[in-house]
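Structure first, commentary second.
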Amino acid sequence: MDAVELTVNGRDVHLQLDPRTTLLDALREHLHLTGTKKGCDHGQCGACTVIVEGRRINSCLTLAVMHEGENVTTIEGLGSPDNLHPMQRAFVTHDGYQCGYCTPGQICSAVAMLEEIAADIPSHATQDLGEVEFSDAELRERMSGNICRCAAYPNIIAAIRDVAGEGEA
Amino acid sequence: MKFDRPATANPIDRGRVVGIAHDRIEGAAKVTGTAPYAYERHDAAPNAAYGWIVGSAIAKGRIAAMDLTAAEVAPGVLGVVTHQNAGPLGKGNMNTAHLLGGPAVEHYDQAVALVIADTLENARDAARLLRIDYRAEQGRFDLAADRDRAAKPEDGFGGPADTSAGDFDAAFGRAAVQIDQSYTTPDQSHAMMEPHATTAAWNGDRLTLWTSNQMVAWAVGDMARTLKIPKDRIRVVSPYVGGGFGGKLFLRADALLAALGARAVGRPVKVAIARSQIPNNTTHRPATIQRIRIGADKDGVIDAIAHEVWSGDLPGGEPETAAMQTRLLYRGDHRRTAHRLATLDLPEGNAMRAPGEAVGMLALEVAMDELAETCGVDPVELRIRNDVQYDPEVGPKRPFSSRKFVECLRQGAARFGWEQRDSRPGQKRDGRWLVGMGMAAAFRNNLVASSGARVGVDAQGRVTVETDMTDIGTGSYTIIGQTAAEMMGVPLEAVTVRLGDSRFPVSSGSGGQFGGNSSTAGVYAACVALRTKLAERAGFPAEQVIFEDGLLRLGNQSRPLAAVAGPDGLWAEDRIEFGDLTERYAQATFGAHFCEVGVDIDTAEVRIRRMGGAFAAGRILNPKSARSQVIGAMTMGAGAALMEELQVDTRFGFFVNHDMAEYVVPVHADIPEQDVLFVEELDDKSSPMKAKGVGELGICGAGAAIANAIYNATGIRLRDYPLTIDKLIERAEGSALA
Ligand code: FES
Ligand code: FES
């Protein structure tokens with residue numbers, strides 16, 4: 001067992017963990033933060049996306065002990081049913097989900113993704129590498145690591161546009 | 001309530017709540033991660049141990065010996081369940097193969113053991129320490145090779161295996177235009193995002209399962225049959241299901257092994273089927289070979305049509321009924337359909353979203369495109385010419401309850417801009433892209449199933465609905481809430497909906513796109529019963545009282561609903577039972593899909609540029625979630641057209657690409673804007689809701705529209721799905737891609 005200290009959603013937590021425990025299982029099984037979902041456990045689906053030190057990552061693909069002292073934001077840290085984050089509200093308004101299982105991952109991913117665009121971090125869809133232009137193609141490319149088998153894709157893009165203040169395509 | 005006569009005017013027609021677009025009432029729980037799924041029940045089973053399934057390493061044969069010693073002494077291990085210690089087990093009615101294999105092995109990755117430990121890491125690690133000695137036998141894994149061995153199956157869920165009318169051979173032989181083509185579709189995986197998962201706990205001889213299942217009552221029944229215990233000792237709870245698509249219709253290994261594991265170690269156990277185990281351990285949509293023959297006059301009017309289908313399954317399994325739509329969709333006095341089933345030793349084939357039609361339409365609607373081209377008739381016009389207002393196998397004495405196919409074709413074509421299409425393939429270029437447009441019909445049978453509910457009003461006038469119906473992303477919570485709100489005359493916010501618990505009245509469950517219409521009809525029936533009780537209590541004649549604005553109204557008298565319900569509230573329960581209207585009338589949902597694709601001139605990469613369609617599915621209860629159902633299904637159709645295929649290893653008998661990295665499904669970047677138009681329709685023979693199913697219609701034909709668009713773009717006609725780059729490049733010579 002290894003001692004691990006994390007800051008999760010602004011709260012300091014001290015855990016004794018098997019070093020094989022993924023960050024995802026630390027959240028779900030040890031901290032009971034089950035909002036973060038496990039779809040594949042192999043970095044293939046994006047359901048486990050959380051924000052660590054400001055960057056979105058697949059929490060199933062990293063061990064908890066690798067994040068000593070780091071800041072982790074999960075879906076629970078973004079908002080609650082009585083106090084929704086704007087991205088959470090936009091997903092409800094635009095029906096950006098169906099079964100809801102990919103949804104926390106999509107939302108965490110979308111929140112961090114908008115900051116990547118704002119920081120001019122280019123993607124495969126970027127035309128001018130010096131300055132990222134906001135477009136549906138950018139959003140679709142950057143969100144493609146988050147699979148939605150219910151396929152709410154156009155509604156998710158509409159929700160993200162709404163939050164970004166970009167309106168209709 | 002018996003529904004055996006067409007519906008007349010009823011409170012649903014007011015349309016104050018039903019038929020209006022609403023946000024999902026469980027939306028806040030889903031977007032905040034507070035909706036509890038099956039593996040997340042720390043609240044209900046706080047000390048659950050972890051089970052890890054060990055799957056068979058052979059497809060067919062026997063287990064000669066199992067050595068559990070190393071696993072049993074591994075750190076944290078609490079127990080190992082195998083066929084040797086599980087006790088006598090039966091098999092569920094809905095299962096083809098046993099959920100726990102051994103000593104006989106029926107398919108690859110069939111569960112043969114469960115290792116239970118204090119942590120997930122320990123259970124997974126110990127599972128690798130099992131030593132299993134197999135005696136493999138030769139199995140049959142290749143549908144094409146076994147096609148001639150396929151036999152006529154028993155008449156099943158969808159009706160008879162074979163049908164015919166008139167004299168097909170003679171009529172086809174004399175037809176001016178003949179189409180005779182074969183098509184293939186591969187095995188496909190549901191790939192729902194939430195793996196099958198169950199938390200199980202015993203309290204004495206009573207078992208509770210928090211599980212992810214579409215059909216609560218089936219799960220109870222099949223668990224009772226498998227464990228050989230009475231049904232009333234089993235409770236199944238499934239309030240949130242992270243996608244099913246048919247893959248969670250049945251009791252699966254997660255549920256059985258969690259129950260056996262919990263019994264073995266004397267504490268709750270939770271089990272999720274690992275993603276890499278899902279395609280081979282659970283069910284899949286079986287591959288098909290389909291032959292379609294159409295005989296028409298030179299104007300494309302069909303006189304003869306035949307559709308023959310070959311598929312495979314384990315012994316005792318069922319065929320993929322891909323000819324179903326061909327029995328009903330187009331005219332023609334001379335017709336034949338046939339299904340043949342080969343015995344294969346691949347994992348269990350079973351229902352996946354729109355079983356039958358989803359793959360049948362992939363073939364039929366390409367054949368129709370080929371007929372349109374041969375006759376020089378526009379594909380939309382061809383379908384209008386072949387419209388038929390009655391069951392063409394039976395004749396005018398069995399009309400459609402409502403069939404707005406032509407309206408869908410016309411309105412969908414106008415909205416999409418179909419008139420801009422050049423019917424000659426390979427004509428349109430946009431930079432490096434060859435651009436083409438294609439269309440296809442949408443068709444899915446309308447099934448109905450008996451469904452129950454209970455509804456109560458409390459002293460505050462708040463309405464509560466309880467039914468074992470599930471919401472698998474389909475929007476059940478909201479449409480059930482809307483139905484109760486409309487019937488009881490309260491706003492949607494004044495309704496609480498509780499679903500997915502076997503303590504509630506048995507519903508239709510979610511499957512075959514029957515759930516939305518059937519379960520709301522059951523709630524309608526319970527509300528009628530509650531209205532009668534309330535009216536009696538208020539001293540009003542039940543037939544005349546109006547429920548609105550939280551009041552019971554009769555003329556200029558009124559009483560608050562809350563006051564009539566009284567301090568203890570009032571409950572009523574009923575169910576909808578369907579009579580023979582589905583026999584007297586053909587009932588189906590219709591639509592038209594349109595698609596524009598670009599095909600890269602060098603790489604043959606296919607990109608969908610636009611998708612759109614018009615659909616008629618009776619009353620649309622919640623246009624917001626119904627649209628989502630349709631676009632989601634269209635996207636699954638795009639997956640079927642362009643990428644989805646379980647690759648069969650015909651030597652060892654398993655699906656090779658068994659995870660989400662290698663079984664590829666559409667992602668954000670694959671899907672452009674999707675346009676959905678609902679054509680107005682009320683079907684009074686379907687249910688008191690006058691609604692029909694809508695969850696599966698969108699997949700039926702979507703992939704064929706893409707195939708036809710690829711043909712229009714390139715001039716290459718592919719008939720073997722999925723339509724991948726290699727197949728296009730192989731045929732590039734002489735096409736616009738050359
Ligand atoms: S669960 Fe982490 S990517 Fe799928
Ligand atoms: S909402 Fe079901 S997978 Fe995205």
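Going through the structure tokens in order, the chains are called A, B, and so on, while each chain numbers its residues from 1 and the ligands are numbered from 1 in the order shown.
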Using only C-alpha atoms and all ligand atoms, what are the residues with an atom within 6 Å of ligand 1, set out as a count of residues only? 14
Pick out the chain B residues within 8 Å of chain A. Count only C-alpha atoms. Give them as a PyMOL selection string. chain B and resi 23-24+27-36+40+42+121+191-195+240-243+274-276+471-475+624-625+628-629+631-633+635-636+659-661+665-669+671-674
Point-to-point distance from CA of Lys685 in chain B to CA of Val394 in chain B, Å rounded to tenths: 18.6 Å
Within range 409-538 of chain B, find each residue whose DSSP state, derived from the backbone, is helix (DSSP H, G or I), and express the selection as a PyMOL selection string. chain B and resi 409-416+418-420+476-488+492-494+515-538
Pick out each residue of range 159-247 of chain B that DSSP on the backbone tags as strand (DSSP E); I need them as a PyMOL selection string. chain B and resi 163-165+177-185+197-203+206-211+234-237
Include N, CA, C and O atoms and write out the residues we just selected as a compact mmCIF listing (two decimals), in the first residue's frame.
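Result file follows (result_24.txt):
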# COMPACT_ATOMS: atom_id res chain seq x y z
N THR B 163 -42.59 -17.00 -46.06
CA THR B 163 -43.92 -16.59 -46.50
C THR B 163 -43.92 -16.54 -48.03
O THR B 163 -42.87 -16.38 -48.65
N SER B 164 -45.11 -16.64 -48.61
CA SER B 164 -45.19 -16.44 -50.05
C SER B 164 -46.62 -16.06 -50.43
O SER B 164 -47.56 -16.29 -49.67
N ALA B 165 -46.74 -15.43 -51.57
CA ALA B 165 -48.05 -15.09 -52.14
C ALA B 165 -47.89 -15.08 -53.65
O ALA B 165 -46.82 -14.72 -54.15
N VAL B 177 -37.98 -6.06 -66.25
CA VAL B 177 -36.74 -5.68 -65.58
C VAL B 177 -36.52 -6.64 -64.41
O VAL B 177 -37.44 -6.88 -63.62
N GLN B 178 -35.32 -7.20 -64.34
CA GLN B 178 -35.02 -8.12 -63.24
C GLN B 178 -33.78 -7.66 -62.48
O GLN B 178 -32.75 -7.37 -63.08
N ILE B 179 -33.90 -7.61 -61.19
CA ILE B 179 -32.74 -7.36 -60.33
C ILE B 179 -32.53 -8.65 -59.54
O ILE B 179 -33.48 -9.21 -58.98
N ASP B 180 -31.30 -9.13 -59.51
CA ASP B 180 -30.99 -10.36 -58.77
C ASP B 180 -29.60 -10.18 -58.18
O ASP B 180 -28.61 -10.30 -58.89
N GLN B 181 -29.53 -9.84 -56.92
CA GLN B 181 -28.25 -9.52 -56.31
C GLN B 181 -28.15 -10.12 -54.92
O GLN B 181 -29.17 -10.34 -54.26
N SER B 182 -26.91 -10.32 -54.49
CA SER B 182 -26.66 -10.79 -53.13
C SER B 182 -25.87 -9.74 -52.35
O SER B 182 -25.06 -9.01 -52.92
N TYR B 183 -26.15 -9.71 -51.07
CA TYR B 183 -25.55 -8.71 -50.18
C TYR B 183 -25.11 -9.43 -48.92
O TYR B 183 -25.71 -10.44 -48.53
N THR B 184 -24.09 -8.90 -48.25
CA THR B 184 -23.71 -9.48 -46.97
C THR B 184 -23.57 -8.38 -45.92
O THR B 184 -23.19 -7.26 -46.22
N THR B 185 -23.92 -8.75 -44.70
CA THR B 185 -23.69 -7.87 -43.55
C THR B 185 -22.93 -8.67 -42.50
O THR B 185 -23.18 -9.87 -42.34
N ALA B 197 -23.14 -4.89 -16.02
CA ALA B 197 -22.64 -4.86 -14.65
C ALA B 197 -23.76 -5.15 -13.67
O ALA B 197 -24.93 -4.80 -13.92
N THR B 198 -23.39 -5.79 -12.56
CA THR B 198 -24.36 -6.12 -11.51
C THR B 198 -23.69 -6.07 -10.15
O THR B 198 -22.56 -6.54 -9.99
N THR B 199 -24.39 -5.52 -9.18
CA THR B 199 -24.04 -5.68 -7.78
C THR B 199 -25.10 -6.59 -7.18
O THR B 199 -26.30 -6.32 -7.34
N ALA B 200 -24.68 -7.67 -6.52
CA ALA B 200 -25.62 -8.64 -5.97
C ALA B 200 -25.45 -8.77 -4.47
O ALA B 200 -24.32 -8.75 -3.97
N ALA B 201 -26.56 -8.86 -3.75
CA ALA B 201 -26.50 -9.06 -2.29
C ALA B 201 -27.59 -10.03 -1.87
O ALA B 201 -28.74 -9.93 -2.35
N TRP B 202 -27.23 -10.96 -0.99
CA TRP B 202 -28.20 -11.89 -0.41
C TRP B 202 -28.55 -11.43 1.00
O TRP B 202 -27.69 -11.01 1.75
N ASN B 203 -29.83 -11.55 1.30
CA ASN B 203 -30.27 -11.35 2.68
C ASN B 203 -31.04 -12.62 3.02
O ASN B 203 -32.19 -12.79 2.62
N ARG B 206 -32.97 -14.34 0.20
CA ARG B 206 -33.48 -13.32 -0.72
C ARG B 206 -32.32 -12.61 -1.41
O ARG B 206 -31.34 -12.24 -0.78
N LEU B 207 -32.49 -12.43 -2.70
CA LEU B 207 -31.42 -11.88 -3.54
C LEU B 207 -31.85 -10.53 -4.11
O LEU B 207 -32.95 -10.40 -4.64
N THR B 208 -30.96 -9.54 -4.01
CA THR B 208 -31.20 -8.27 -4.69
C THR B 208 -30.09 -8.05 -5.70
O THR B 208 -28.91 -8.25 -5.40
N LEU B 209 -30.49 -7.66 -6.89
CA LEU B 209 -29.54 -7.37 -7.96
C LEU B 209 -29.72 -5.93 -8.39
O LEU B 209 -30.80 -5.55 -8.84
N TRP B 210 -28.65 -5.13 -8.23
CA TRP B 210 -28.64 -3.81 -8.86
C TRP B 210 -27.91 -4.02 -10.18
O TRP B 210 -26.71 -4.33 -10.18
N THR B 211 -28.63 -3.93 -11.24
CA THR B 211 -28.06 -4.39 -12.50
C THR B 211 -28.42 -3.45 -13.63
O THR B 211 -29.18 -2.49 -13.44
N ILE B 234 -36.48 -12.77 -5.49
CA ILE B 234 -35.50 -12.00 -6.26
C ILE B 234 -36.03 -10.59 -6.51
O ILE B 234 -37.17 -10.41 -6.95
N ARG B 235 -35.19 -9.62 -6.22
CA ARG B 235 -35.52 -8.25 -6.56
C ARG B 235 -34.47 -7.72 -7.54
O ARG B 235 -33.26 -7.88 -7.31
N VAL B 236 -34.94 -7.13 -8.62
CA VAL B 236 -34.04 -6.56 -9.63
C VAL B 236 -34.26 -5.05 -9.69
O VAL B 236 -35.41 -4.60 -9.79
N VAL B 237 -33.17 -4.31 -9.59
CA VAL B 237 -33.25 -2.85 -9.60
C VAL B 237 -32.38 -2.33 -10.75
O VAL B 237 -31.18 -2.62 -10.79
Contact residues around His284 in chain B with only C-alpha atoms at 10 Å, ignoring same-chain residues under 3 positions, as a VMD selection string: chain B and resid 187 to 191 246 to 247 278 to 281 287 346 to 352 646
